[in-house]
$ cat protein16.csv   # CSV, C-alpha atoms
chain,number,residue,atom,x,y,z
X,85,MET,CA,76.1,71.2,112.4
X,86,ARG,CA,74.0,73.9,114.0
X,87,PRO,CA,72.3,76.6,111.8
X,88,LEU,CA,75.0,79.3,111.3
X,89,THR,CA,75.1,82.5,109.3
X,90,ILE,CA,78.4,83.9,108.1
X,91,GLY,CA,78.6,87.5,106.9
X,92,ILE,CA,81.3,88.7,104.4
X,93,ILE,CA,81.9,92.2,105.5
X,94,ARG,CA,82.8,95.2,103.3
X,95,GLU,CA,86.5,96.2,103.8
X,96,GLY,CA,86.7,99.4,105.8
X,97,LYS,CA,90.4,100.4,105.4
X,98,THR,CA,91.4,103.2,103.1
X,99,PRO,CA,92.5,102.7,100.4
X,100,PRO,CA,90.0,99.9,100.1
X,101,ASP,CA,91.1,96.3,99.8
X,102,LEU,CA,89.6,94.7,96.7
X,103,ARG,CA,90.0,91.1,97.9
X,104,VAL,CA,87.3,88.9,99.3
X,105,THR,CA,87.4,86.0,101.7
X,106,LEU,CA,85.0,83.9,99.7
X,107,THR,CA,84.3,84.3,96.0
X,108,PRO,CA,80.7,83.8,94.8
X,109,LYS,CA,81.3,80.2,93.6
X,110,LYS,CA,83.0,79.3,97.0
X,111,CYS,CA,80.0,80.7,98.8
X,112,VAL,CA,77.7,78.3,96.9
X,113,GLU,CA,80.2,75.5,97.5
X,114,ALA,CA,80.3,76.2,101.3
X,115,GLU,CA,76.5,76.2,101.6
X,116,THR,CA,76.4,72.9,99.7
X,117,LEU,CA,79.2,71.3,101.7
X,118,PHE,CA,77.8,72.4,105.1
X,119,PRO,CA,74.0,72.0,105.4
X,120,GLY,CA,72.7,74.6,107.9
X,121,LEU,CA,75.3,77.1,106.8
X,122,ARG,CA,74.1,80.4,105.2
X,123,ILE,CA,76.3,83.1,103.8
X,124,VAL,CA,75.4,86.7,103.4
X,125,VAL,CA,77.5,89.4,101.7
X,126,GLN,CA,77.6,93.0,102.7
X,127,GLU,CA,77.1,95.4,99.8
X,128,CYS,CA,80.4,96.9,98.5
X,129,PRO,CA,80.9,99.1,95.4
X,130,VAL,CA,84.6,98.4,94.9
X,131,ARG,CA,85.2,94.6,95.5
X,132,SER,CA,86.9,92.7,92.7
X,133,PHE,CA,83.9,90.4,92.7
X,134,LYS,CA,80.9,92.5,92.2
X,135,ASP,CA,77.7,92.3,94.2
X,136,GLN,CA,75.8,91.2,91.2
X,137,GLU,CA,78.2,88.2,90.7
X,138,TYR,CA,77.1,87.0,94.2
X,139,ARG,CA,73.4,87.7,93.5
X,140,ASP,CA,73.6,85.8,90.1
X,141,LEU,CA,74.5,82.7,92.1
X,142,GLY,CA,71.7,83.1,94.6
X,143,ILE,CA,73.8,84.5,97.5
X,144,GLU,CA,72.0,87.3,99.5
X,145,VAL,CA,73.7,90.7,99.3
X,146,ARG,CA,72.5,93.5,101.6
X,147,PRO,CA,73.7,96.6,103.3
X,148,ASP,CA,73.8,95.3,106.9
X,149,VAL,CA,75.2,91.9,108.1
X,150,SER,CA,75.3,92.7,111.8
X,151,ASP,CA,72.8,89.9,112.5
X,152,CYS,CA,75.3,87.2,111.3
X,153,ASP,CA,76.9,84.8,113.7
X,154,ILE,CA,80.5,85.2,112.3
X,155,LEU,CA,81.8,88.1,110.3
X,156,LEU,CA,84.7,87.5,107.9
X,157,GLY,CA,86.9,90.2,106.5
X,158,VAL,CA,90.4,90.4,105.0
X,159,LYS,CA,92.2,93.4,106.5
X,160,GLU,CA,91.9,95.0,109.9
X,161,VAL,CA,88.5,96.4,110.7
X,162,PRO,CA,88.6,100.1,111.7
X,163,PRO,CA,87.9,100.2,115.4
X,164,ALA,CA,84.8,102.4,115.0
X,165,GLN,CA,83.2,99.8,112.7
X,166,LEU,CA,83.5,96.9,115.1
X,167,ILE,CA,80.1,95.5,116.2
X,168,PRO,CA,80.0,94.6,119.9
X,169,HIS,CA,79.6,91.0,121.0
X,170,LYS,CA,80.4,89.5,117.6
X,171,THR,CA,82.8,86.9,116.4
X,172,TYR,CA,85.2,88.3,113.7
X,173,MET,CA,87.9,86.6,111.6
X,174,PHE,CA,90.4,88.8,109.8
X,175,PHE,CA,94.1,89.7,109.7
X,176,SER,CA,94.5,91.8,112.8
X,177,HIS,CA,98.3,92.4,112.7
X,178,THR,CA,98.4,92.7,116.5
X,179,VAL,CA,100.4,89.7,117.7
X,180,LYS,CA,103.8,91.4,117.1
X,181,LYS,CA,102.4,94.4,119.1
X,182,GLN,CA,102.2,96.5,115.9
X,183,PRO,CA,101.7,100.1,117.1
X,184,ALA,CA,99.2,101.0,114.4
X,185,ASN,CA,96.7,98.4,115.6
X,186,ARG,CA,96.9,98.8,119.3
X,187,GLU,CA,93.6,100.7,119.5
X,188,LEU,CA,91.9,98.0,117.3
X,189,LEU,CA,92.7,95.3,119.9
X,190,ARG,CA,91.7,97.6,122.8
X,191,GLN,CA,88.3,98.0,121.1
X,192,VAL,CA,88.0,94.3,120.5
X,193,LEU,CA,88.4,93.8,124.3
X,194,GLN,CA,86.1,96.7,125.3
X,195,LYS,CA,83.4,95.5,122.9
X,196,ASP,CA,83.5,91.9,124.1
X,197,ILE,CA,84.4,90.6,120.6
X,198,THR,CA,85.8,87.2,119.8
X,199,LEU,CA,88.7,87.8,117.4
X,200,ILE,CA,90.1,84.9,115.3
X,201,ASP,CA,93.2,85.8,113.2
X,202,TYR,CA,93.9,84.1,109.9
X,203,GLU,CA,97.6,84.4,110.5
X,204,LEU,CA,97.4,82.2,113.6
X,205,LEU,CA,95.4,79.4,112.0
X,206,THR,CA,97.9,76.5,112.0
X,207,ASN,CA,98.0,72.7,111.9
X,208,GLU,CA,99.4,70.5,114.6
X,209,GLN,CA,102.9,71.0,113.1
X,210,GLY,CA,102.6,74.8,113.5
X,211,GLU,CA,102.3,75.4,109.8
X,212,ARG,CA,99.9,78.1,108.6
X,213,ILE,CA,96.9,76.8,106.7
X,214,VAL,CA,95.6,79.9,105.0
X,215,ALA,CA,97.7,82.7,103.6
X,216,PHE,CA,98.0,85.2,100.7
X,217,GLY,CA,101.8,84.8,100.8
X,218,ARG,CA,102.2,83.1,97.4
X,219,TRP,CA,100.4,86.1,95.8
X,220,ALA,CA,102.6,88.6,97.6
X,221,GLY,CA,105.6,86.7,96.2
X,222,ILE,CA,104.2,86.6,92.7
X,223,VAL,CA,103.3,90.3,92.6
X,224,GLY,CA,106.4,91.3,94.5
X,225,ALA,CA,108.8,89.6,92.1
X,226,TYR,CA,107.0,91.2,89.2
X,227,ASN,CA,107.2,94.6,90.8
X,228,GLY,CA,110.9,94.1,91.5
X,229,LEU,CA,111.6,93.5,87.8
X,230,LEU,CA,109.2,96.4,86.9
X,231,THR,CA,111.2,98.7,89.3
X,232,TYR,CA,114.6,97.5,87.9
X,233,GLY,CA,113.4,98.1,84.4
X,234,ARG,CA,112.2,101.6,85.2
X,235,LYS,CA,115.4,102.5,87.1
X,236,HIS,CA,117.6,101.5,84.2
X,237,GLN,CA,115.2,102.5,81.4
X,238,LEU,CA,115.2,99.0,80.0
X,239,TYR,CA,111.5,98.4,79.5
X,240,GLU,CA,108.1,99.4,80.9
X,241,LEU,CA,106.0,96.6,82.4
X,242,LYS,CA,102.3,97.2,82.8
X,243,PRO,CA,101.7,97.5,86.6
X,244,ALA,CA,100.1,94.3,88.0
X,245,TYR,CA,97.1,96.2,89.4
X,246,GLN,CA,96.3,97.3,85.8
X,247,CYS,CA,96.2,93.7,84.7
X,248,VAL,CA,92.9,91.8,84.5
X,249,ASP,CA,94.4,88.8,86.2
X,250,MET,CA,97.6,86.8,86.4
X,251,GLU,CA,97.3,85.5,82.9
X,252,ASP,CA,97.2,89.1,81.6
X,253,MET,CA,100.2,89.9,83.7
X,254,GLN,CA,102.1,87.0,82.2
X,255,GLU,CA,101.7,88.5,78.8
X,256,GLU,CA,104.2,91.1,80.0
X,257,PHE,CA,107.0,88.6,80.9
X,258,PHE,CA,108.6,88.7,77.4
X,259,LYS,CA,109.8,92.3,78.0
X,260,VAL,CA,112.3,91.2,80.6
X,261,LYS,CA,114.3,89.6,77.8
X,262,LYS,CA,116.0,93.0,77.7
X,263,LEU,CA,117.7,92.4,81.0
X,264,PRO,CA,121.5,92.5,81.0
X,265,PRO,CA,123.4,89.7,82.8
X,266,ILE,CA,122.4,90.8,86.3
X,267,LYS,CA,122.3,88.7,89.5
X,268,MET,CA,119.2,88.4,91.7
X,269,VAL,CA,118.8,87.0,95.2
X,270,VAL,CA,115.6,85.6,96.6
X,271,THR,CA,115.6,85.2,100.4
X,272,GLY,CA,113.4,82.7,102.1
X,273,SER,CA,111.8,79.3,101.3
X,274,GLY,CA,108.2,79.8,102.4
X,275,ARG,CA,105.1,80.7,100.4
X,276,VAL,CA,106.2,84.2,99.6
X,277,ALA,CA,109.6,83.0,98.2
X,278,GLN,CA,108.0,80.2,96.2
X,279,GLY,CA,105.6,82.7,94.6
X,280,ALA,CA,108.6,84.9,93.6
X,281,VAL,CA,110.5,81.9,92.2
X,282,GLU,CA,107.4,80.9,90.2
X,283,VAL,CA,107.5,84.3,88.4
X,284,LEU,CA,111.3,84.2,87.8
X,285,ASP,CA,111.0,80.7,86.4
X,286,LYS,CA,108.1,81.6,84.1
X,287,MET,CA,110.1,84.7,82.9
X,288,GLY,CA,112.9,82.3,81.8
X,289,ILE,CA,115.5,83.6,84.3
X,290,ARG,CA,118.1,80.9,85.0
X,291,ARG,CA,118.4,79.6,88.5
X,292,VAL,CA,121.9,78.8,89.8
X,293,SER,CA,123.4,77.3,92.9
X,294,VAL,CA,124.5,79.6,95.8
X,295,TYR,CA,128.1,78.7,95.2
X,296,ASP,CA,128.0,79.4,91.5
X,297,TYR,CA,126.1,82.7,92.2
X,298,LEU,CA,128.8,83.8,94.5
X,299,TYR,CA,131.9,82.8,92.5
X,300,LEU,CA,131.0,82.6,88.8
X,301,ASP,CA,130.1,85.2,86.2
X,302,PHE,CA,127.3,84.6,83.7
X,303,ASN,CA,126.4,86.1,80.3
X,304,GLU,CA,122.6,86.0,81.1
X,305,PRO,CA,120.5,87.2,84.1
X,306,VAL,CA,120.5,84.6,86.9
X,307,TYR,CA,119.0,84.2,90.3
X,308,THR,CA,119.6,82.1,93.4
X,309,GLN,CA,117.3,81.3,96.3
X,310,LEU,CA,118.7,81.5,99.9
X,311,ARG,CA,117.6,79.5,102.9
X,312,SER,CA,118.2,81.0,106.3
X,313,SER,CA,121.3,78.9,106.7
X,314,ASP,CA,122.8,80.5,103.6
X,315,TYR,CA,123.0,84.0,105.1
X,316,ASN,CA,123.0,83.5,108.9
X,317,ARG,CA,125.3,81.7,111.4
X,318,ARG,CA,125.4,81.2,115.1
X,319,ARG,CA,127.5,83.8,116.9
X,320,ASP,CA,129.3,81.2,118.9
X,321,GLY,CA,130.3,79.2,115.9
X,322,ARG,CA,128.2,76.1,116.6
X,323,VAL,CA,126.7,74.1,113.8
X,324,TRP,CA,123.5,75.5,112.1
X,325,ASP,CA,120.3,74.4,113.6
X,326,THR,CA,117.1,75.6,111.9
X,327,PRO,CA,114.6,75.0,114.7
X,328,ASP,CA,117.0,76.7,117.1
X,329,PHE,CA,117.3,79.7,114.7
X,330,HIS,CA,113.5,80.1,114.8
X,331,ARG,CA,113.5,79.7,118.6
X,332,ASN,CA,116.5,81.9,119.4
X,333,PRO,CA,117.1,84.3,116.5
X,334,GLN,CA,119.1,86.6,118.8
X,335,GLU,CA,121.9,84.0,118.9
X,336,TYR,CA,122.6,84.4,115.2
X,337,GLU,CA,124.3,87.0,113.0
X,338,SER,CA,124.0,87.8,109.3
X,339,THR,CA,126.5,86.6,106.7
X,340,PHE,CA,124.6,88.3,103.9
X,341,GLY,CA,127.7,90.5,103.4
X,342,ALA,CA,129.1,87.9,101.0
X,343,PHE,CA,126.2,88.6,98.6
X,344,LEU,CA,126.4,92.4,98.7
X,345,PRO,CA,129.3,92.7,96.1
X,346,VAL,CA,127.7,90.3,93.6
X,347,THR,CA,123.9,91.2,93.7
X,348,ASP,CA,122.1,93.7,91.6
X,349,LEU,CA,118.5,93.0,92.6
X,350,LEU,CA,117.3,91.8,96.0
X,351,LEU,CA,113.9,90.1,96.4
X,352,ALA,CA,113.4,90.0,100.2
X,353,CYS,CA,110.8,87.2,100.8
X,354,ALA,CA,111.9,85.7,104.2
X,355,TYR,CA,109.8,86.0,107.3
X,356,TRP,CA,111.7,88.2,109.8
X,357,HIS,CA,111.6,88.2,113.6
X,358,PRO,CA,112.5,91.5,115.4
X,359,ALA,CA,115.2,89.7,117.3
X,360,ALA,CA,116.7,88.2,114.2
X,361,PRO,CA,119.7,89.8,112.4
X,362,LYS,CA,119.2,92.3,109.6
X,363,LEU,CA,120.5,91.4,106.2
X,364,PHE,CA,122.9,94.3,106.2
X,365,SER,CA,123.3,97.7,107.9
X,366,GLU,CA,122.8,101.2,106.5
X,367,ALA,CA,126.6,101.7,106.9
X,368,ASP,CA,127.1,98.7,104.6
X,369,THR,CA,125.3,100.7,101.8
X,370,GLN,CA,128.3,103.1,101.7
X,371,ARG,CA,130.8,100.3,101.1
X,372,PRO,CA,132.6,100.7,97.7
X,373,ASP,CA,131.6,97.0,96.9
X,374,PHE,CA,127.9,97.4,97.8
X,375,ARG,CA,126.4,96.5,94.4
X,376,ILE,CA,122.6,96.2,95.1
X,377,ASN,CA,120.8,99.1,93.4
X,378,THR,CA,117.2,97.8,93.4
X,379,ILE,CA,115.4,96.1,96.3
X,380,ALA,CA,111.9,94.6,96.3
X,381,ASP,CA,111.1,94.3,100.0
X,382,ILE,CA,108.2,91.9,99.5
X,383,THR,CA,107.9,91.1,103.3
X,384,CYS,CA,107.8,94.9,103.8
X,385,ASP,CA,108.8,95.1,107.5
X,386,VAL,CA,109.5,98.8,108.0
X,387,ASN,CA,112.9,99.1,109.7
X,388,GLY,CA,113.1,95.3,109.6
X,389,SER,CA,115.4,92.9,107.8
X,390,VAL,CA,116.1,95.5,105.0
X,391,PRO,CA,117.2,98.7,106.8
X,392,THR,CA,116.6,100.9,103.8
X,393,THR,CA,112.8,100.1,104.1
X,394,LYS,CA,112.0,103.2,106.2
X,395,ARG,CA,108.4,103.3,105.0
X,396,SER,CA,105.9,101.3,103.1
X,397,THR,CA,104.6,102.4,99.7
X,398,SER,CA,101.3,102.3,97.8
X,399,ILE,CA,100.2,100.2,94.8
X,400,GLN,CA,99.9,103.4,92.7
X,401,ASP,CA,103.3,104.8,93.9
X,402,PRO,CA,105.3,101.7,94.7
X,403,ALA,CA,108.9,102.9,95.0
X,404,PHE,CA,111.2,105.4,96.6
X,405,ASP,CA,115.0,106.0,96.5
X,406,TYR,CA,117.3,105.6,99.5
X,407,ASN,CA,120.4,107.9,99.3
X,408,PRO,CA,123.3,105.9,100.8
X,409,ARG,CA,125.4,109.0,101.3
X,410,THR,CA,122.8,110.9,103.4
X,411,GLY,CA,120.5,108.1,104.6
X,412,GLU,CA,117.6,110.1,103.4
X,413,LEU,CA,114.7,109.1,101.2
X,414,GLU,CA,114.2,110.7,97.8
X,415,PRO,CA,111.8,110.4,94.9
X,416,PRO,CA,112.2,107.1,92.9
X,417,TYR,CA,114.8,107.0,90.2
X,418,SER,CA,116.3,110.3,91.4
X,419,SER,CA,119.9,109.3,90.9
X,420,PRO,CA,121.7,106.2,89.5
X,421,THR,CA,123.8,106.0,92.8
X,422,ASN,CA,120.7,105.7,94.9
X,423,ILE,CA,119.1,102.4,95.9
X,424,THR,CA,115.6,102.1,94.6
X,425,VAL,CA,113.2,100.3,97.0
X,426,MET,CA,109.8,98.8,96.2
X,427,ALA,CA,107.9,98.3,99.5
X,428,VAL,CA,104.2,97.9,98.8
X,429,ASP,CA,102.6,96.4,101.9
X,430,ASN,CA,99.5,94.9,100.3
X,431,LEU,CA,100.9,93.2,97.2
X,432,PRO,CA,98.2,90.5,96.8
X,433,CYS,CA,95.6,93.4,96.2
X,434,GLU,CA,97.2,93.9,92.8
X,435,LEU,CA,95.7,90.6,91.6
X,436,PRO,CA,92.7,90.5,93.8
X,437,ARG,CA,90.6,88.0,91.8
X,438,ASN,CA,93.4,85.4,91.6
X,439,ALA,CA,94.4,85.9,95.3
X,440,SER,CA,90.8,85.7,96.5
X,441,ARG,CA,90.1,82.4,94.6
X,442,ASP,CA,93.2,80.9,96.1
X,443,PHE,CA,92.4,82.1,99.6
X,444,SER,CA,88.8,80.9,99.4
X,445,ARG,CA,89.9,77.4,98.5
X,446,GLN,CA,92.3,77.3,101.5
X,447,LEU,CA,89.6,78.6,103.8
X,448,LEU,CA,87.0,76.2,102.6
X,449,ASP,CA,89.3,73.1,102.8
X,450,ASN,CA,91.3,73.9,105.9
X,451,VAL,CA,89.2,76.1,108.1
X,452,PHE,CA,85.5,75.8,107.5
X,453,PRO,CA,85.2,72.2,108.8
X,454,TYR,CA,86.4,73.5,112.2
X,455,LEU,CA,84.8,76.9,112.1
X,456,VAL,CA,81.3,75.5,111.7
X,457,SER,CA,81.8,72.6,114.1
X,458,ASP,CA,79.5,72.2,117.1
X,459,LYS,CA,82.4,71.4,119.4
X,460,PRO,CA,85.5,73.4,120.4
X,461,GLU,CA,88.3,72.9,117.8
X,462,PRO,CA,92.0,73.3,118.7
X,463,ILE,CA,92.7,74.9,115.3
X,464,ILE,CA,90.2,77.7,116.0
X,465,GLU,CA,91.2,78.0,119.7
X,466,ARG,CA,94.9,78.5,118.8
X,467,ALA,CA,94.0,81.4,116.5
X,468,THR,CA,91.6,83.1,118.9
X,469,ILE,CA,93.3,86.2,120.4
X,470,ALA,CA,90.4,87.5,122.5
X,471,THR,CA,87.0,86.3,123.7
X,472,GLY,CA,84.6,87.4,126.5
X,473,GLY,CA,86.4,90.8,126.8
X,474,LYS,CA,89.7,89.2,127.7
X,475,LEU,CA,92.9,88.0,125.9
X,476,THR,CA,93.1,84.2,125.7
X,477,GLU,CA,95.9,82.5,127.6
X,478,ARG,CA,98.0,82.0,124.5
X,479,TYR,CA,98.0,85.8,123.8
X,480,ALA,CA,98.1,87.1,127.4
X,481,TYR,CA,101.6,88.6,126.6
X,482,LEU,CA,99.7,91.3,124.7
X,483,ALA,CA,98.3,92.7,128.0
X,484,ASP,CA,101.0,95.5,128.3
X,485,TYR,CA,100.4,96.3,124.6
X,486,VAL,CA,96.7,97.1,125.2
X,487,ALA,CA,97.1,98.6,128.7
X,488,ASP,CA,96.2,102.3,129.0
$ encode --input "protein16.csv" --output "structure tokens"
Amino acid sequence: MRPLTIGIIREGKTPPDLRVTLTPKKCVEAETLFPGLRIVVQECPVRSFKDQEYRDLGIEVRPDVSDCDILLGVKEVPPAQLIPHKTYMFFSHTVKKQPANRELLRQVLQKDITLIDYELLTNEQGERIVAFGRWAGIVGAYNGLLTYGRKHQLYELKPAYQCVDMEDMQEEFFKVKKLPPIKMVVTGSGRVAQGAVEVLDKMGIRRVSVYDYLYLDFNEPVYTQLRSSDYNRRRDGRVWDTPDFHRNPQEYESTFGAFLPVTDLLLACAYWHPAAPKLFSEADTQRPDFRINTIADITCDVNGSVPTTKRSTSIQDPAFDYNPRTGELEPPYSSPTNITVMAVDNLPCELPRNASRDFSRQLLDNVFPYLVSDKPEPIIERATIATGGKLTERYAYLADYVAD
């Protein structure tokens, strides 16, 4: 490979993200695996892995990394901090035309930046090869149980962000033994849902089939996990077809109504497309048989699959109440008849060291061999939104999004 310098940038968003793309040990491993590669880290006072941890392993740390060939970050780079003519890799959150990041993509184009998005790095089967999803699910499920415990004054879990790491967080799991025989639903079957299930299983909460969940009563807390086919159907009555559901979500309608009278806690983990049906409507929350009183919207699509998620929340202030009678938002735990919603939009930040280690491993194994290659690589090309001041062909549909 050609000589190449990769810079790990300081996160610029507020509040700051504590995660890193490469941990100190993974920087050393990367330089060992790929001769000619050099990694430089930008100084940062708040990272979960401290500057000195990098220096202790011989990785250069300095204030300015603008001379590096490729710059790696985690979250969106504030537009004013973008360096012209550089190659960046980070989660840009632009491909769904998210309004908040319109100016970011405009500046990428104006500054002749090559933008590679982690979310778009996929293998030939279209499966993502790097993600923080598992950690969103792990922290989200924990936060869901924390929120339920607070709402019903059953127990007080130590917030995940105050835990040293996942092992420290797991020391809290015994407290959920105070749960009454409630029913919990996990939607989805991807990384996020699997992370949530991992926590519920380690807490000792019993998993039951969808049928038993719907029609049987239990004397202990239980959960079930729903695939898309368990709570959606084609409008025309034709047989379920998963690939078709992903291609044509507008042709489907929700059947989640069957779960509303029997569910206490909803853990929403399924990826949602804006054309897909919502789980339920705001009008449904006024039904006499609507039983859900706590929602952990782990995917956190504002006004998305969970219509009560009218805003996202912060790590320090993770919940709010939705008043089904007025449709208004109120302070959390205001009334037992309200629905309490946890909607933190950066959940993996609560266990930043664990999440960073996991992400670093994926990046090193699945992306770096292509990123440092001398020749064009389809994996990198598929994930490149812009280069040379223009949108790439695959993302040309964003032209109206960035138009003045």
$ closest_residue --input "protein16.csv" --among "X:Phe175, X:Tyr481, X:Tyr245, X:Phe452" --to "X:Leu435" --atoms "only C-alpha atoms"
X:Tyr245
$ closest_residue --input "protein16.csv" --among "X:Thr206, X:Ser444, X:Thr378, X:Thr383" --to "X:Thr424" --atoms "only C-alpha atoms"
X:Thr378
$ closest_residue --input "protein16.csv" --among "X:Thr107, X:Gln165, X:Ser419, X:Asn377" --to "X:Tyr138" --atoms "all atoms listed in the file"
X:Thr107
$ closest_residue --input "protein16.csv" --among "X:Gly274, X:Pro99, X:Pro108, X:Pro408" --to "X:Lys159" --atoms "all atoms listed in the file"
X:Pro99
$ atom_distance --input "protein16.csv" --atom1 "atom CA of X:Gln209" --atom2 "atom CA of X:Leu447"
17.9 Å
$ atom_distance --input "protein16.csv" --atom1 "atom CA of X:Val248" --atom2 "atom CA of X:Ile379"
25.8 Å
$ atom_distance --input "protein16.csv" --atom1 "atom CA of X:Asp325" --atom2 "atom CA of X:Ser389"
20.0 Å
$ closest_residue --input "protein16.csv" --among "X:Ala164, X:Leu106, X:Ala427, X:Ile154" --to "X:Phe133" --atoms "only C-alpha atoms"
X:Leu106
$ closest_residue --input "protein16.csv" --among "X:Glu412, X:Glu477, X:Asp135, X:Asp385" --to "X:Val104" --atoms "only C-alpha atoms"
X:Asp135
$ residues_around --input "protein16.csv" --residues "X:Gln334" --least-positions-apart "2" --cutoff "10 Å" --atoms "all atoms listed in the file" --output "list in words"
Arg318, Arg319, Phe329, His330, Arg331, Asn332, Tyr336, Glu337, His357, Pro358, Ala359, Ala360 and Pro361 of chain X
$ write_last_selection --input "protein16.csv" --atoms "C-alpha atoms" --output "short mmCIF file (atom, residue, chain, number, x, y, z; two decimals), keeping the file's coordinate frame"
data_model
loop_
_atom_site.label_atom_id
_atom_site.label_comp_id
_atom_site.auth_asym_id
_atom_site.auth_seq_id
_atom_site.Cartn_x
_atom_site.Cartn_y
_atom_site.Cartn_z
CA ARG X 318 125.40 81.20 115.10
CA ARG X 319 127.50 83.80 116.90
CA PHE X 329 117.30 79.70 114.70
CA HIS X 330 113.50 80.10 114.80
CA ARG X 331 113.50 79.70 118.60
CA ASN X 332 116.50 81.90 119.40
CA TYR X 336 122.60 84.40 115.20
CA GLU X 337 124.30 87.00 113.00
CA HIS X 357 111.60 88.20 113.60
CA PRO X 358 112.50 91.50 115.40
CA ALA X 359 115.20 89.70 117.30
CA ALA X 360 116.70 88.20 114.20
CA PRO X 361 119.70 89.80 112.40
#
$ residues_around --input "protein16.csv" --residues "X:Gln194" --least-positions-apart "6" --cutoff "9 Å" --atoms "all atoms listed in the file" --output "ChimeraX atom specification"
/X:168,473-474
$ write_last_selection --input "protein16.csv" --atoms "C-alpha atoms" --output "CSV table (one decimal), in the coordinates of the input"
chain,number,residue,atom,x,y,z
X,168,PRO,CA,80.0,94.6,119.9
X,473,GLY,CA,86.4,90.8,126.8
X,474,LYS,CA,89.7,89.2,127.7
$ residues_near_point --input "protein16.csv" --point "(109.1, 88.8, 78.5)" --cutoff "12 Å" --atoms "all atoms listed in the file" --output "PyMOL selection string"
chain X and resi 226+229-230+233+238-242+253-263+283-289
$ residues_around --input "protein16.csv" --residues "X:Asp401" --least-positions-apart "2" --cutoff "10 Å" --atoms "only C-alpha atoms" --output "list of chain:residue names"
X:Thr397, X:Ser398, X:Ile399, X:Ala403, X:Phe404, X:Pro416, X:Met426, X:Ala427, X:Val428
$ build_atoms --input "protein16.csv" --residues "stretch 307-318 of chain X" --atoms "N, CA, C and O atoms" --output "PDB file, in the coordinates of the input"
ATOM      1  N   TYR X 307     119.381  83.981  88.960  1.00  0.00           N
ATOM      2  CA  TYR X 307     119.000  84.200  90.300  1.00  0.00           C
ATOM      3  C   TYR X 307     119.357  82.981  91.171  1.00  0.00           C
ATOM      4  O   TYR X 307     119.544  81.870  90.644  1.00  0.00           O
ATOM      5  N   THR X 308     119.463  83.208  92.479  1.00  0.00           N
ATOM      6  CA  THR X 308     119.600  82.100  93.400  1.00  0.00           C
ATOM      7  C   THR X 308     118.634  82.320  94.559  1.00  0.00           C
ATOM      8  O   THR X 308     118.237  83.460  94.835  1.00  0.00           O
ATOM      9  N   GLN X 309     118.238  81.224  95.195  1.00  0.00           N
ATOM     10  CA  GLN X 309     117.300  81.300  96.300  1.00  0.00           C
ATOM     11  C   GLN X 309     118.052  80.886  97.590  1.00  0.00           C
ATOM     12  O   GLN X 309     118.718  79.846  97.620  1.00  0.00           O
ATOM     13  N   LEU X 310     117.949  81.710  98.628  1.00  0.00           N
ATOM     14  CA  LEU X 310     118.700  81.500  99.900  1.00  0.00           C
ATOM     15  C   LEU X 310     117.779  81.007 100.987  1.00  0.00           C
ATOM     16  O   LEU X 310     116.744  81.614 101.256  1.00  0.00           O
ATOM     17  N   ARG X 311     118.187  79.920 101.619  1.00  0.00           N
ATOM     18  CA  ARG X 311     117.600  79.500 102.900  1.00  0.00           C
ATOM     19  C   ARG X 311     118.221  80.308 104.011  1.00  0.00           C
ATOM     20  O   ARG X 311     119.288  80.904 103.831  1.00  0.00           O
ATOM     21  N   SER X 312     117.613  80.272 105.183  1.00  0.00           N
ATOM     22  CA  SER X 312     118.200  81.000 106.300  1.00  0.00           C
ATOM     23  C   SER X 312     119.610  80.678 106.594  1.00  0.00           C
ATOM     24  O   SER X 312     120.431  81.536 106.936  1.00  0.00           O
ATOM     25  N   SER X 313     119.958  79.397 106.421  1.00  0.00           N
ATOM     26  CA  SER X 313     121.300  78.900 106.700  1.00  0.00           C
ATOM     27  C   SER X 313     122.341  79.464 105.718  1.00  0.00           C
ATOM     28  O   SER X 313     123.547  79.423 105.982  1.00  0.00           O
ATOM     29  N   ASP X 314     121.863  79.968 104.559  1.00  0.00           N
ATOM     30  CA  ASP X 314     122.800  80.500 103.600  1.00  0.00           C
ATOM     31  C   ASP X 314     123.263  81.900 103.883  1.00  0.00           C
ATOM     32  O   ASP X 314     124.255  82.360 103.308  1.00  0.00           O
ATOM     33  N   TYR X 315     122.561  82.600 104.789  1.00  0.00           N
ATOM     34  CA  TYR X 315     123.000  84.000 105.100  1.00  0.00           C
ATOM     35  C   TYR X 315     122.903  84.332 106.553  1.00  0.00           C
ATOM     36  O   TYR X 315     122.879  85.500 106.927  1.00  0.00           O
ATOM     37  N   ASN X 316     122.917  83.312 107.416  1.00  0.00           N
ATOM     38  CA  ASN X 316     123.000  83.500 108.900  1.00  0.00           C
ATOM     39  C   ASN X 316     123.905  82.452 109.458  1.00  0.00           C
ATOM     40  O   ASN X 316     124.057  81.372 108.896  1.00  0.00           O
ATOM     41  N   ARG X 317     124.479  82.730 110.620  1.00  0.00           N
ATOM     42  CA  ARG X 317     125.300  81.700 111.400  1.00  0.00           C
ATOM     43  C   ARG X 317     125.166  82.029 112.853  1.00  0.00           C
ATOM     44  O   ARG X 317     124.863  83.160 113.248  1.00  0.00           O
ATOM     45  N   ARG X 318     125.421  81.009 113.636  1.00  0.00           N
ATOM     46  CA  ARG X 318     125.400  81.200 115.100  1.00  0.00           C
ATOM     47  C   ARG X 318     126.628  82.059 115.495  1.00  0.00           C
ATOM     48  O   ARG X 318     127.732  81.885 114.959  1.00  0.00           O
TER      49      ARG X 318
END
